[in-house]
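Engineer: My questions will all concern the structure given below.
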Amino acid sequence: MNTNQMHEEIKEANLSYMLLARQMIQEDQAAAIFRLGISKEMADLIAGLSPAQLLKMAASNMLLCRFRFDEKLLLNMITDYNKDRMMSQAHTTILMTGRPMEVLAA
Amino acid sequence: MRNKSVITEAYQIQVAVKLIELGARLQLLQEETSLSRERLLKLYKEVRGVSPSKGMLPYSTDWFMSWSPNIHSSLFMDIHQFLVAHAELSGVEALVKAYCLYLEQINVSGDEAVLSITRAWFLVRFFDAKMLQLTGCTECTGHFVVHADELYANYICGICRPPSRAGKTNKNGRRSVSLNTSPAI
């Protein structure tokens, strides 16, 4: 994959991420905050973006979303847990709720 | 309590219908909405088609301590606290939203919902009354429901260290037997 191709892929990922996030927030704000792991302030901001702003944002060469599991334990859990381990899905959610969320810096 | 505003009443009915659909008992509806008992009874029959079940509500903090209920209630409570802290929800809205998200999480993993909405409501009230609290597991750092004001210096949760017979209920056993025998037929 050359650099140009990669930039195209990043833009595409950005656009679908932003569209999905905005749709989730507009449909059900509280659930979207829970699923995206963002603050209410951020949710309000994303929901208020105009289509032009959204496109401009998505056209960036940098990826707009990032990994939420920045911890070895959580990473292991998502990648290595199999069916034998009981309640792994619930366990992941329990741990995710305890993670710090993305907030806007003052 | 008498409702003066029609809009408020319409909202209350919406909340009540949602709660009934989720399986709430009549006592919960009476506490969380300002509708009269007669109206709630009528509403209940209309939504479910049957009269609400009578009798006492399950009132015990010990139920939340056994293995499977503890994990389910911890999951619900973690979601509930997250919503209260970050999504600015409160009261019955937080209860309904957290319970819906809990059901969704459980459905994804294909388990059955162990926690009913009435129990979930009690759980929130037990937390308000400071009879139960969340404590961190020393292995996975997740937060789990425990009795308040006991010593939890080296607490390890039921998922990191499941008891030997965890999850092997009578029902699960029977299901696996029927799965084994079905190809032979």
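Going through the structure tokens in order, the chains are called A, B, and so on, while each chain numbers its residues from 1 and the ligands are numbered from 1 in the order shown.
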For chain A, report every residue with an atom at most 6 Å from chain B (counting only C-alpha atoms), formatted as a list in words.
Structural biologist: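 Taking only C-alpha atoms into account, Ala30, Lys40, Ile94 and Leu95 of chain A sit within 6 Å of chain B.
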Engineer: Write out as a list in words the residues lying within 12 Å of Val103 (chain A), counting only C-alpha atoms and excluding same-chain residues fewer than 2 positions away.
Structural biologist: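 Once the nearby chain positions are removed, what remains is Ile33, Leu36, Gly37, Ile38, Ser39, Lys40, Glu41, Met42, Ala43, Asp44, Leu45, Pro100, Met101, Ala105 and Ala106 of chain A; His86 of chain B.
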Engineer: DSSP on the backbone: what in chain A comes out helix (DSSP H, G or I), as an mmCIF file with C-alpha atoms, in the first residue's frame?
Structural biologist:
```
data_model
loop_
_atom_site.group_PDB
_atom_site.id
_atom_site.type_symbol
_atom_site.label_atom_id
_atom_site.label_comp_id
_atom_site.auth_asym_id
_atom_site.auth_seq_id
_atom_site.Cartn_x
_atom_site.Cartn_y
_atom_site.Cartn_z
ATOM 1 C CA THR A 3 1.137 6.525 0.888
ATOM 2 C CA ASN A 4 -1.578 7.885 -1.362
ATOM 3 C CA GLN A 5 -3.637 4.757 -0.976
ATOM 4 C CA MET A 6 -3.188 4.884 2.775
ATOM 5 C CA HIS A 7 -4.382 8.469 2.927
ATOM 6 C CA GLU A 8 -7.454 7.507 0.946
ATOM 7 C CA GLU A 9 -8.180 4.661 3.360
ATOM 8 C CA ILE A 10 -7.732 6.938 6.369
ATOM 9 C CA LYS A 11 -10.115 9.499 4.912
ATOM 10 C CA GLU A 12 -12.674 6.811 4.269
ATOM 11 C CA ALA A 13 -12.367 5.460 7.797
ATOM 12 C CA ASN A 14 -12.620 9.002 9.174
ATOM 13 C CA LEU A 15 -15.765 9.706 7.211
ATOM 14 C CA SER A 16 -17.552 6.513 8.204
ATOM 15 C CA TYR A 17 -16.494 6.987 11.823
ATOM 16 C CA MET A 18 -17.759 10.557 11.955
ATOM 17 C CA LEU A 19 -21.025 9.687 10.213
ATOM 18 C CA LEU A 20 -21.632 6.724 12.483
ATOM 19 C CA ALA A 21 -20.821 8.724 15.605
ATOM 20 C CA ARG A 22 -23.126 11.547 14.552
ATOM 21 C CA GLN A 23 -25.950 9.167 13.730
ATOM 22 C CA MET A 24 -25.559 7.349 17.036
ATOM 23 C CA ILE A 25 -25.656 10.608 18.977
ATOM 24 C CA GLN A 26 -28.702 11.892 17.132
ATOM 25 C CA GLU A 27 -30.618 8.667 17.665
ATOM 26 C CA GLN A 29 -27.438 10.485 23.026
ATOM 27 C CA ALA A 30 -27.026 8.642 26.329
ATOM 28 C CA ALA A 31 -26.410 5.276 24.680
ATOM 29 C CA ALA A 32 -24.005 6.882 22.208
ATOM 30 C CA ILE A 33 -21.995 8.434 25.033
ATOM 31 C CA PHE A 34 -21.773 4.992 26.609
ATOM 32 C CA ARG A 35 -20.802 3.193 23.409
ATOM 33 C CA LEU A 36 -18.367 5.773 22.051
ATOM 34 C CA LYS A 40 -21.469 14.849 26.782
ATOM 35 C CA GLU A 41 -19.749 18.031 25.677
ATOM 36 C CA MET A 42 -17.990 16.198 22.889
ATOM 37 C CA ALA A 43 -21.233 14.441 21.896
ATOM 38 C CA ASP A 44 -23.017 17.801 21.636
ATOM 39 C CA LEU A 45 -20.196 19.150 19.517
ATOM 40 C CA ILE A 46 -20.189 16.238 17.073
ATOM 41 C CA ALA A 47 -23.980 16.271 16.762
ATOM 42 C CA PRO A 51 -22.137 18.319 6.794
ATOM 43 C CA ALA A 52 -19.487 20.653 5.365
ATOM 44 C CA GLN A 53 -17.609 20.762 8.671
ATOM 45 C CA LEU A 54 -17.849 17.022 8.950
ATOM 46 C CA LEU A 55 -16.418 16.488 5.487
ATOM 47 C CA LYS A 56 -13.601 18.899 6.184
ATOM 48 C CA MET A 57 -12.760 17.071 9.396
ATOM 49 C CA ALA A 58 -12.838 13.682 7.717
ATOM 50 C CA LYS A 72 -2.377 -4.824 28.385
ATOM 51 C CA LEU A 73 -5.085 -6.545 30.384
ATOM 52 C CA LEU A 74 -7.947 -5.209 28.334
ATOM 53 C CA LEU A 75 -6.094 -5.972 25.116
ATOM 54 C CA ASN A 76 -5.537 -9.564 26.227
ATOM 55 C CA MET A 77 -9.158 -9.870 27.147
ATOM 56 C CA ILE A 78 -10.484 -8.767 23.788
ATOM 57 C CA THR A 79 -8.023 -10.757 21.720
ATOM 58 C CA ASP A 80 -7.412 -13.943 23.695
ATOM 59 C CA SER A 88 -15.962 -12.606 28.849
ATOM 60 C CA GLN A 89 -18.213 -10.169 27.005
ATOM 61 C CA ALA A 90 -19.717 -8.880 30.233
ATOM 62 C CA HIS A 91 -16.254 -8.673 31.758
ATOM 63 C CA THR A 92 -15.001 -6.505 28.921
ATOM 64 C CA THR A 93 -17.937 -4.136 29.333
ATOM 65 C CA ILE A 94 -17.420 -3.931 33.089
ATOM 66 C CA LEU A 95 -13.802 -2.958 32.551
ATOM 67 C CA MET A 96 -14.633 -0.521 29.752
ATOM 68 C CA THR A 97 -17.062 1.419 31.963
#
```
Engineer: Near Val47 (chain B), counting only C-alpha atoms, which residues have an atom at most 9 Å away, once you skip same-chain residues fewer than 3 positions from it, shown as number ranges by chain?
Structural biologist: B: 17, 20-21, 42-44, 50
